[in-house]
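So this one's run15.txt, compact mmCIF, C-alpha atoms (C1' of nucleotides):
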```
# COMPACT_ATOMS: atom_id res chain seq x y z
CA MET S 1 100.93 101.49 110.53
CA GLU S 2 97.95 102.86 112.35
CA THR S 3 98.84 100.86 115.43
CA GLN S 4 102.39 102.16 116.00
CA GLU S 5 102.66 105.92 116.21
CA ILE S 6 106.14 106.16 114.73
CA THR S 7 106.41 104.99 111.15
CA VAL S 8 109.54 103.98 109.30
CA LYS S 9 109.34 107.18 107.28
CA GLU S 10 109.19 109.28 110.42
CA HIS S 11 112.06 107.35 111.91
CA ILE S 12 114.20 108.04 108.86
CA ILE S 13 113.51 111.78 109.07
CA GLN S 14 114.30 111.85 112.78
CA THR S 15 117.62 110.10 112.26
CA ALA S 16 118.46 112.32 109.31
CA THR S 17 117.58 115.38 111.38
CA ARG S 18 119.96 114.39 114.13
CA LEU S 19 122.80 113.56 111.75
CA PHE S 20 122.34 116.50 109.40
CA HIS S 21 122.39 118.85 112.34
CA GLU S 22 125.28 117.24 114.22
CA GLN S 23 127.58 116.37 111.32
CA GLY S 24 126.31 118.47 108.47
CA TYR S 25 124.51 117.46 105.30
CA ASN S 26 127.48 116.66 103.10
CA LEU S 27 129.32 114.66 105.73
CA THR S 28 126.28 112.52 106.45
CA GLY S 29 125.94 109.61 104.05
CA ILE S 30 122.80 107.73 103.12
CA ASN S 31 124.44 104.57 104.44
CA GLN S 32 124.96 106.06 107.88
CA ILE S 33 121.35 107.22 108.03
CA ILE S 34 119.95 103.76 107.23
CA ASP S 35 122.42 102.07 109.57
CA GLU S 36 121.54 104.27 112.53
CA ALA S 37 117.84 104.25 111.73
CA GLY S 38 117.98 100.49 111.37
CA VAL S 39 116.13 100.44 108.06
CA ALA S 40 116.91 99.09 104.62
CA LYS S 41 118.26 101.29 101.88
CA ALA S 42 115.30 100.43 99.67
CA SER S 43 112.98 101.73 102.40
CA LEU S 44 114.67 105.11 102.37
CA TYR S 45 114.46 105.37 98.61
CA TYR S 46 110.89 104.14 98.73
CA HIS S 47 109.85 107.14 100.84
CA PHE S 48 112.30 109.72 99.47
CA PRO S 49 113.32 109.87 95.80
CA SER S 50 116.73 111.31 96.68
CA LYS S 51 118.88 112.64 99.49
CA GLU S 52 117.88 116.12 98.37
CA ASP S 53 114.19 115.33 98.91
CA LEU S 54 114.96 113.89 102.33
CA CYS S 55 116.70 117.15 103.13
CA VAL S 56 113.67 119.19 102.09
CA ALA S 57 111.46 117.06 104.35
CA TYR S 58 113.93 117.59 107.19
CA LEU S 59 113.90 121.35 106.72
CA GLN S 60 110.10 121.51 106.69
CA ARG S 61 109.69 119.28 109.70
CA ARG S 62 112.31 121.08 111.74
CA ASN S 63 110.64 124.47 111.51
CA ASN S 64 107.20 123.00 112.17
CA ILE S 65 108.48 121.44 115.37
CA TRP S 66 110.30 124.63 116.34
CA LEU S 67 107.21 126.78 115.85
CA ALA S 68 104.96 124.28 117.64
CA GLY S 69 107.36 124.06 120.58
CA LEU S 70 107.61 127.82 120.71
CA ASP S 71 103.83 128.09 120.71
CA GLY S 72 103.67 125.84 123.75
CA PHE S 73 106.42 127.79 125.49
CA LEU S 74 104.57 131.07 124.99
CA LYS S 75 101.20 129.68 126.09
CA GLY S 76 99.53 132.00 128.56
CA ILE S 77 101.50 135.07 127.57
CA ARG S 78 99.34 137.77 126.03
CA ASP S 79 101.57 140.81 125.67
CA PRO S 80 103.24 140.70 122.22
CA LYS S 81 106.37 142.38 123.62
CA GLN S 82 106.70 139.69 126.26
CA LYS S 83 106.15 137.02 123.62
CA ILE S 84 109.02 138.39 121.57
CA ILE S 85 111.33 138.53 124.56
CA LYS S 86 110.38 135.04 125.69
CA THR S 87 111.12 133.75 122.20
CA PHE S 88 114.78 134.54 122.85
CA ASP S 89 114.65 132.50 126.06
CA TYR S 90 113.21 129.60 124.10
CA ARG S 91 115.95 130.04 121.54
CA ALA S 92 118.63 129.83 124.20
CA LEU S 93 117.16 126.58 125.54
CA HIS S 94 116.82 125.20 122.02
CA LEU S 95 120.41 126.05 121.03
CA GLU S 96 121.77 124.48 124.20
CA LYS S 97 119.69 121.35 123.68
CA ASN S 98 121.04 121.11 120.13
CA HIS S 99 124.65 121.51 121.27
CA PHE S 100 125.00 124.95 119.67
CA GLY S 101 124.65 123.57 116.18
CA GLY S 102 123.33 126.86 114.87
CA CYS S 103 120.45 127.51 112.49
CA SER S 104 119.62 124.54 110.26
CA TYR S 105 118.72 126.82 107.36
CA ILE S 106 121.82 128.97 107.42
CA LYS S 107 123.91 125.84 107.84
CA ILE S 108 122.40 124.09 104.87
CA ILE S 109 122.80 126.99 102.43
CA SER S 110 126.41 127.21 103.59
CA GLU S 111 126.84 123.63 102.45
CA ILE S 112 124.73 123.61 99.30
CA PRO S 113 125.61 126.53 97.08
CA GLN S 114 123.23 125.80 94.20
CA ARG S 115 120.77 128.65 94.44
CA GLY S 116 117.22 128.37 93.16
CA GLU S 117 117.06 124.62 93.69
CA LYS S 118 114.66 122.74 95.98
CA ILE S 119 116.72 123.03 99.14
CA ASP S 120 117.46 126.70 98.61
CA GLN S 121 113.78 127.46 98.03
CA GLN S 122 112.84 125.62 101.19
CA VAL S 123 115.39 127.59 103.21
CA VAL S 124 114.01 130.92 102.01
CA LEU S 125 110.46 129.73 102.71
CA GLN S 126 111.20 128.65 106.26
CA LYS S 127 113.23 131.76 107.06
CA GLU S 128 110.29 133.84 105.85
CA LYS S 129 108.04 131.93 108.25
CA GLN S 130 110.39 132.79 111.09
CA ARG S 131 110.40 136.46 110.12
CA ASN S 132 106.61 136.49 109.86
CA PHE S 133 106.37 135.18 113.39
CA PHE S 134 108.06 138.35 114.62
CA SER S 135 106.23 140.72 112.28
CA GLU S 136 102.85 139.40 113.41
CA LEU S 137 103.80 140.18 116.98
CA THR S 138 105.23 143.63 116.27
CA GLY S 139 102.03 144.36 114.36
CA GLN S 140 100.11 143.78 117.58
CA ILE S 141 102.05 146.40 119.51
CA GLU S 142 99.64 149.31 119.49
CA GLU S 143 102.12 152.16 119.68
CA VAL S 144 104.29 150.89 116.87
CA LYS S 145 101.93 150.13 114.01
CA LYS S 146 103.67 152.04 111.24
CA LYS S 147 107.14 150.80 112.09
CA ALA S 148 106.07 147.24 112.76
CA GLU S 149 107.83 145.73 109.76
CA ALA S 150 111.10 147.56 110.35
CA LEU S 151 111.04 146.56 114.01
CA ALA S 152 110.44 142.93 113.11
CA ASP S 153 113.37 143.05 110.68
CA THR S 154 115.72 144.34 113.38
CA ILE S 155 114.56 141.74 115.88
CA PHE S 156 115.03 139.02 113.29
CA LEU S 157 118.56 140.26 112.62
CA LEU S 158 119.39 140.02 116.31
CA PHE S 159 117.78 136.59 116.42
CA ASP S 160 119.90 135.21 113.58
CA GLY S 161 123.02 137.04 114.71
CA GLY S 162 122.64 135.57 118.17
CA THR S 163 122.03 132.12 116.76
CA VAL S 164 125.13 131.99 114.58
CA GLN S 165 127.36 133.54 117.22
CA CYS S 166 126.19 130.95 119.74
CA GLN S 167 127.29 128.40 117.16
CA VAL S 168 130.73 129.99 116.87
CA TYR S 169 131.33 130.43 120.60
CA ARG S 170 129.39 127.39 121.82
CA ASP S 171 127.76 129.52 124.45
CA THR S 172 124.36 131.10 125.10
CA ALA S 173 125.90 134.52 125.82
CA PRO S 174 125.30 135.98 122.32
CA ILE S 175 121.60 135.13 122.29
CA GLU S 176 121.31 136.61 125.80
CA THR S 177 122.94 139.78 124.52
CA ALA S 178 120.51 139.78 121.61
CA LYS S 179 117.64 139.46 124.07
CA LYS S 180 118.86 142.47 126.04
CA ALA S 181 119.13 144.50 122.85
CA VAL S 182 115.57 143.55 121.95
CA ILE S 183 114.31 144.55 125.40
CA GLN S 184 116.02 147.91 124.96
CA LEU S 185 114.51 148.24 121.53
CA LEU S 186 110.99 147.50 122.76
CA ARG S 187 111.33 149.90 125.65
CA GLU S 188 111.37 152.77 123.18
CA TYR S 189 107.71 152.21 122.43
CA MET Y 1 160.40 134.00 93.09
CA GLU Y 2 161.45 137.47 94.04
CA THR Y 3 160.86 138.73 90.52
CA GLN Y 4 157.23 137.72 90.11
CA GLU Y 5 154.93 139.10 92.77
CA ILE Y 6 152.49 136.20 92.75
CA THR Y 7 153.94 132.92 93.83
CA VAL Y 8 152.54 129.46 93.22
CA LYS Y 9 151.63 129.23 96.89
CA GLU Y 10 149.69 132.46 96.73
CA HIS Y 11 147.97 131.34 93.56
CA ILE Y 12 146.84 128.14 95.26
CA ILE Y 13 145.35 130.06 98.19
CA GLN Y 14 143.58 132.46 95.86
CA THR Y 15 142.02 129.65 93.86
CA ALA Y 16 141.06 127.80 97.04
CA THR Y 17 139.54 130.98 98.43
CA ARG Y 18 137.33 131.41 95.39
CA LEU Y 19 136.23 127.79 95.32
CA PHE Y 20 135.75 127.36 99.07
CA HIS Y 21 133.59 130.44 99.13
CA GLU Y 22 131.59 129.72 95.98
CA GLN Y 23 131.10 125.97 96.33
CA GLY Y 24 131.84 125.29 99.96
CA TYR Y 25 134.75 123.47 101.54
CA ASN Y 26 133.46 119.91 101.36
CA LEU Y 27 132.27 120.17 97.77
CA THR Y 28 135.62 121.52 96.59
CA GLY Y 29 138.16 118.79 95.88
CA ILE Y 30 141.91 119.08 95.90
CA ASN Y 31 141.89 118.02 92.25
CA GLN Y 32 139.63 120.89 91.25
CA ILE Y 33 141.84 123.37 93.08
CA ILE Y 34 145.01 122.23 91.31
CA ASP Y 35 143.23 122.04 87.95
CA GLU Y 36 141.88 125.58 88.17
CA ALA Y 37 145.06 126.95 89.68
CA GLY Y 38 147.05 125.20 86.95
CA VAL Y 39 149.55 123.68 89.37
CA ALA Y 40 150.69 120.15 90.10
CA LYS Y 41 149.29 118.19 93.00
CA ALA Y 42 152.76 117.80 94.46
CA SER Y 43 153.08 121.58 94.54
CA LEU Y 44 149.98 121.91 96.65
CA TYR Y 45 151.17 119.27 99.10
CA TYR Y 46 154.61 120.84 99.08
CA HIS Y 47 153.21 124.09 100.47
CA PHE Y 48 150.31 122.71 102.53
CA PRO Y 49 150.51 119.44 104.48
CA SER Y 50 146.79 118.81 104.09
CA LYS Y 51 143.53 120.28 102.88
CA GLU Y 52 142.81 121.26 106.46
CA ASP Y 53 145.99 123.35 106.61
CA LEU Y 54 145.11 124.98 103.30
CA CYS Y 55 141.76 125.88 104.82
CA VAL Y 56 143.39 127.46 107.86
CA ALA Y 57 145.61 129.55 105.57
CA TYR Y 58 142.52 130.58 103.60
CA LEU Y 59 140.70 131.67 106.76
CA GLN Y 60 143.66 133.72 107.99
CA ARG Y 61 144.26 135.39 104.66
CA ARG Y 62 140.62 136.21 104.12
CA ASN Y 63 140.22 138.20 107.31
CA ASN Y 64 143.54 139.97 106.81
CA ILE Y 65 142.40 141.11 103.38
CA TRP Y 66 138.97 142.08 104.71
CA LEU Y 67 140.44 144.17 107.55
CA ALA Y 68 143.04 145.77 105.26
CA GLY Y 69 140.39 146.63 102.70
CA LEU Y 70 138.16 148.02 105.41
CA ASP Y 71 141.02 150.13 106.71
CA GLY Y 72 141.45 151.68 103.28
CA PHE Y 73 137.72 152.27 102.96
CA LEU Y 74 137.60 154.11 106.28
CA LYS Y 75 140.69 156.21 105.57
CA GLY Y 76 140.06 159.84 106.38
CA ILE Y 77 137.17 159.21 108.73
CA ARG Y 78 137.91 160.18 112.30
CA ASP Y 79 134.62 159.88 114.17
CA PRO Y 80 134.36 156.33 115.60
CA LYS Y 81 130.58 156.37 115.16
CA GLN Y 82 130.97 157.16 111.48
CA LYS Y 83 133.60 154.47 111.14
CA ILE Y 84 131.19 151.90 112.55
CA ILE Y 85 128.40 152.99 110.24
CA LYS Y 86 130.67 153.05 107.20
CA THR Y 87 131.78 149.52 108.03
CA PHE Y 88 128.27 148.38 107.18
CA ASP Y 89 128.51 150.11 103.81
CA TYR Y 90 131.76 148.30 103.15
CA ARG Y 91 130.11 145.06 104.19
CA ALA Y 92 127.30 145.60 101.68
CA LEU Y 93 129.80 146.15 98.87
CA HIS Y 94 131.83 143.15 99.96
CA LEU Y 95 128.83 140.82 100.14
CA GLU Y 96 127.64 141.91 96.71
CA LYS Y 97 131.11 141.43 95.24
CA ASN Y 98 131.21 137.93 96.70
CA HIS Y 99 127.78 137.05 95.32
CA PHE Y 100 126.15 136.93 98.74
CA GLY Y 101 128.18 133.94 99.82
CA GLY Y 102 127.88 134.90 103.47
CA CYS Y 103 130.52 134.88 106.19
CA SER Y 104 133.41 132.49 105.48
CA TYR Y 105 133.77 131.62 109.13
CA ILE Y 106 130.15 130.83 109.85
CA LYS Y 107 130.03 128.86 106.63
CA ILE Y 108 133.03 126.75 107.45
CA ILE Y 109 131.87 125.79 110.95
CA SER Y 110 128.55 124.83 109.39
CA GLU Y 111 130.44 122.39 107.21
CA ILE Y 112 133.05 121.11 109.65
CA PRO Y 113 131.43 120.07 112.90
CA GLN Y 114 134.56 118.86 114.71
CA ARG Y 115 134.94 121.44 117.43
CA GLY Y 116 138.30 122.23 118.97
CA GLU Y 117 140.27 121.33 115.86
CA LYS Y 118 142.52 123.62 113.82
CA ILE Y 119 139.80 125.04 111.60
CA ASP Y 120 137.42 125.61 114.48
CA GLN Y 121 140.10 127.42 116.49
CA GLN Y 122 140.91 129.63 113.53
CA VAL Y 123 137.24 130.54 113.11
CA VAL Y 124 136.91 131.62 116.74
CA LEU Y 125 140.16 133.57 116.47
CA GLN Y 126 139.11 135.48 113.37
CA LYS Y 127 135.60 136.18 114.68
CA GLU Y 128 137.19 137.60 117.82
CA LYS Y 129 139.30 139.89 115.65
CA GLN Y 130 136.14 141.13 113.95
CA ARG Y 131 134.47 141.75 117.29
CA ASN Y 132 137.54 143.59 118.59
CA PHE Y 133 137.40 145.91 115.61
CA PHE Y 134 134.01 147.12 116.82
CA SER Y 135 134.90 147.21 120.52
CA GLU Y 136 137.96 149.36 119.84
CA LEU Y 137 135.73 151.86 118.09
CA THR Y 138 132.97 151.87 120.70
CA GLY Y 139 135.70 152.40 123.31
CA GLN Y 140 136.59 155.63 121.54
CA ILE Y 141 133.09 157.06 121.87
CA GLU Y 142 133.45 159.41 124.81
CA GLU Y 143 129.91 159.30 126.11
CA VAL Y 144 129.70 155.54 126.15
CA LYS Y 145 132.82 154.35 127.91
CA LYS Y 146 131.24 152.04 130.48
CA LYS Y 147 128.87 150.37 128.03
CA ALA Y 148 131.41 150.10 125.23
CA GLU Y 149 131.70 146.32 125.32
CA ALA Y 150 127.96 145.72 125.41
CA LEU Y 151 127.47 148.17 122.55
CA ALA Y 152 130.13 146.41 120.48
CA ASP Y 153 128.43 143.09 121.12
CA THR Y 154 125.10 144.37 119.86
CA ILE Y 155 126.67 145.92 116.78
CA PHE Y 156 128.50 142.68 116.07
CA LEU Y 157 125.23 140.75 116.38
CA LEU Y 158 123.62 143.03 113.81
CA PHE Y 159 126.69 142.69 111.61
CA ASP Y 160 126.57 138.89 111.56
CA GLY Y 161 122.78 138.77 111.41
CA GLY Y 162 122.84 141.05 108.38
CA THR Y 163 125.57 139.01 106.74
CA VAL Y 164 123.82 135.66 107.02
CA GLN Y 165 120.46 137.05 106.01
CA CYS Y 166 122.02 138.62 102.92
CA GLN Y 167 123.24 135.11 102.15
CA VAL Y 168 119.74 133.67 102.53
CA TYR Y 169 117.95 136.34 100.53
CA ARG Y 170 120.74 137.15 98.07
CA ASP Y 171 120.13 140.83 98.64
CA THR Y 172 121.81 143.71 100.47
CA ALA Y 173 118.56 144.72 102.20
CA PRO Y 174 119.29 142.95 105.51
CA ILE Y 175 122.70 144.56 105.97
CA GLU Y 176 121.12 147.93 105.14
CA THR Y 177 118.51 147.29 107.81
CA ALA Y 178 121.30 146.38 110.22
CA LYS Y 179 123.04 149.64 109.38
CA LYS Y 180 119.90 151.62 110.17
CA ALA Y 181 119.53 149.82 113.49
CA VAL Y 182 123.14 150.68 114.31
CA ILE Y 183 122.59 154.33 113.44
CA GLN Y 184 119.58 154.36 115.76
CA LEU Y 185 121.63 152.67 118.46
CA LEU Y 186 124.46 155.20 118.20
CA ARG Y 187 122.05 158.13 118.24
CA GLU Y 188 121.23 157.30 121.83
CA TYR Y 189 124.66 158.45 122.91
C1' DA M 1 92.27 84.86 97.75
C1' DA M 2 94.59 88.12 94.85
C1' DA M 3 96.92 92.35 94.61
C1' DA M 4 99.18 96.35 96.22
C1' DA M 5 101.90 98.65 99.62
C1' DT M 6 105.66 98.49 102.59
C1' DG M 7 109.43 96.26 104.49
C1' DT M 8 114.60 93.71 104.79
C1' DA M 9 119.30 92.53 102.96
C1' DG M 10 122.90 93.57 100.38
C1' DA M 11 125.46 93.43 95.81
C1' DC M 12 126.79 96.57 92.38
C1' DA M 13 128.04 100.61 89.15
C1' DG M 14 130.32 104.63 88.41
C1' DA M 15 132.09 108.38 90.18
C1' DC M 16 134.17 110.78 93.54
C1' DT M 17 137.68 111.72 97.72
C1' DT M 18 142.57 112.79 100.09
C1' DG M 19 147.03 111.84 100.19
C1' DT M 20 151.42 109.23 98.60
C1' DC M 21 154.56 108.13 95.40
C1' DT M 22 157.82 107.97 91.36
C1' DA M 23 160.24 110.35 87.86
C1' DC M 24 161.79 114.24 86.08
C1' DA M 25 162.68 119.54 85.17
C1' DT M 26 164.09 124.14 86.40
C1' DA M 27 166.04 127.61 89.15
C1' DC M 28 168.54 129.61 92.78
C1' DT M 29 172.33 129.37 96.49
C1' DC M 30 176.70 128.27 98.16
C1' DG L 1 179.66 122.87 89.77
C1' DA L 2 177.10 120.63 93.56
C1' DG L 3 173.18 120.86 96.32
C1' DT L 4 168.74 122.51 97.66
C1' DA L 5 164.28 124.37 96.80
C1' DT L 6 160.54 124.46 93.95
C1' DG L 7 158.12 123.04 90.12
C1' DT L 8 155.28 119.54 86.53
C1' DA L 9 152.77 115.20 85.34
C1' DG L 10 150.19 111.66 86.60
C1' DA L 11 149.60 106.80 88.44
C1' DC L 12 147.93 104.70 92.44
C1' DA L 13 145.80 103.12 97.05
C1' DA L 14 142.08 102.79 99.90
C1' DG L 15 138.27 104.67 100.91
C1' DT L 16 133.92 107.28 100.26
C1' DC L 17 129.60 108.67 97.90
C1' DT L 18 124.51 108.25 95.72
C1' DG L 19 121.42 105.66 93.55
C1' DT L 20 119.79 101.15 91.21
C1' DC L 21 118.84 96.64 91.27
C1' DT L 22 117.49 91.76 92.46
C1' DA L 23 115.23 88.73 95.54
C1' DC L 24 112.34 87.97 99.04
C1' DA L 25 109.08 88.85 103.37
C1' DT L 26 105.20 90.96 105.56
C1' DT L 27 101.22 93.55 105.96
C1' DT L 28 97.11 95.94 104.29
C1' DT L 29 93.50 96.70 101.02
C1' DT L 30 90.31 95.31 97.60
```
Written form, structure tokens:
Amino acid sequence: METQEITVKEHIIQTATRLFHEQGYNLTGINQIIDEAGVAKASLYYHFPSKEDLCVAYLQRRNNIWLAGLDGFLKGIRDPKQKIIKTFDYRALHLEKNHFGGCSYIKIISEIPQRGEKIDQQVVLQKEKQRNFFSELTGQIEEVKKKAEALADTIFLLFDGGTVQCQVYRDTAPIETAKKAVIQLLREY
Amino acid sequence: METQEITVKEHIIQTATRLFHEQGYNLTGINQIIDEAGVAKASLYYHFPSKEDLCVAYLQRRNNIWLAGLDGFLKGIRDPKQKIIKTFDYRALHLEKNHFGGCSYIKIISEIPQRGEKIDQQVVLQKEKQRNFFSELTGQIEEVKKKAEALADTIFLLFDGGTVQCQVYRDTAPIETAKKAVIQLLREY
DNA sequence: AAAAATGTAGACAGACTTGTCTACATACTC
DNA sequence: GAGTATGTAGACAAGTCTGTCTACATTTTT
């Protein structure tokens, strides 16, 4: 386990991530996951008590990877305004790479309507993390201090709006439009 | 048939609408629809060749009702800017009434990943109708003429962003924030 | 060397799914 | 009055689903 970097558990999550995102959660069966991952069913249920728990792990991991990748993409940029704008470029690349599958979190709560349960809680948690990313940056813009939270909210709306419309139209145009709107918004300060 | 206003077919669509929106498309079975509608299975398949076709009918009907209801809500308002702003108020009411279930079209393409098929085409069609609603109004704002399309795009981004975030947070706050951003945007002209 | 952790392979239960089919009833049109 | 359209009731096929279980293999830790 220490010798090979990728464990069976990790391999299961990676396969589940791909399938959940490409086909959706409800249309992806446990049997397909173990087939494509090349593992035994007992191995999946050894690491994850249920499909629901596997989904929670997928949601956590996905945002961690997104935020880490974004961090690398923004490396070297100091200006918080530029960081915000560049985040939309990263989003465009990410959406294209993921075949315009949309936002994992919005997708999953569209499939799983039971509110207050594990998956729902995880979605709210991860979306809050995404919002906080923007509000930390708007808080660093000197001229804006008092309106930092409201500005972050508006940027986050454009971010999610762009993401879901890219999903609908299978094109990066909406997120590019969102980026332009954000640039305009930041120019006011 | 002519005597009673609500036909069996209509009753099926209404029940499907409620269930598709509350539980999601994939988690709602044909059997549940006919049980709750109180109709026979053969009646459903008499009016709709398949579940997919029922879904298309649901998507069409839903936007027609939304746009008709919106039209009534905006009756008496002349100023296109005010119409746009009031649309966000109507959206808030609508989302609350529908228990923050989000946008039917974004939900359904999150569940059904097969692009290019009937349902997918219907989603793109209805989202285009929604976008056109805004672009017709921005086209009526005298001062803005040349930027009308770009302005409509930004408003539509805020509209969808607000809608999906209301779904995540089960609160009208995001669509209210979107409304404020739109007001700010329109003040520039 | 014994024990615990982690793995494979696949049968099985019980419940669900969409769509087809038979058999029959009612209502409206010609 | 015959024919068509629309309706009910429910069995059925053929497939899917999640999760449990048995039986056994390999690796790691104690």
>> Please identify all residues of chain L having at least one atom at most 9 Å from any atom of chain S, considering all atoms listed in the file, and return them as a ChimeraX atom specification.
In response: /L:17-19
> Pick from Y:Ile109, Y:Leu19, Y:Val168, Y:Leu186: nearest to Y:Leu95, with all atoms listed in the file counted?
Replying inline: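 Comparing Y:Ile109, Y:Leu19, Y:Val168, Y:Leu186 against Y:Leu95, the winner is Y:Val168.
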How close does each residue of chain S get to chain M, giving the shortest atom pair and distance in Å to one decimal for every residue with an atom at most 8 Å away, counting all atoms listed in the file, sorted by chain and residue number, as a tab-separated table?
```
residue	atom	partner	partner_atom	distance
S:Val39	CA	M:DT8	C1'	7.6
S:Ala40	CA	M:DT8	C1'	5.9
S:Ser43	CA	M:DG7	C1'	6.8
```
Would you save the residues from that selection as an mmCIF file, in the coordinates of the input, using C-alpha atoms?
```
data_model
loop_
_atom_site.group_PDB
_atom_site.id
_atom_site.type_symbol
_atom_site.label_atom_id
_atom_site.label_comp_id
_atom_site.auth_asym_id
_atom_site.auth_seq_id
_atom_site.Cartn_x
_atom_site.Cartn_y
_atom_site.Cartn_z
ATOM 1 C CA VAL S 39 116.130 100.440 108.060
ATOM 2 C CA ALA S 40 116.910 99.090 104.620
ATOM 3 C CA SER S 43 112.980 101.730 102.400
#
```
>> Based on all atoms listed in the file, which of the residues in chain Y come within 10 Å of chain S? I want them as JSON, numbers by chain.
In response: {"Y": [21, 22, 23, 24, 25, 26, 27, 101, 102, 103, 104, 105, 106, 107, 108, 109, 110, 111, 112, 113, 114, 115, 120, 121, 123, 124, 127, 128, 150, 151, 153, 154, 155, 156, 157, 158, 159, 160, 161, 162, 163, 164, 165, 167, 168, 169, 170, 174, 175, 177, 178, 179, 180, 181, 182, 184, 185]}
> Just how far from atom CA of Y:Tyr58 is atom CA of Y:Thr17, in Å to one decimal?
Replying inline: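 Those two atoms sit 6.0 Å apart.
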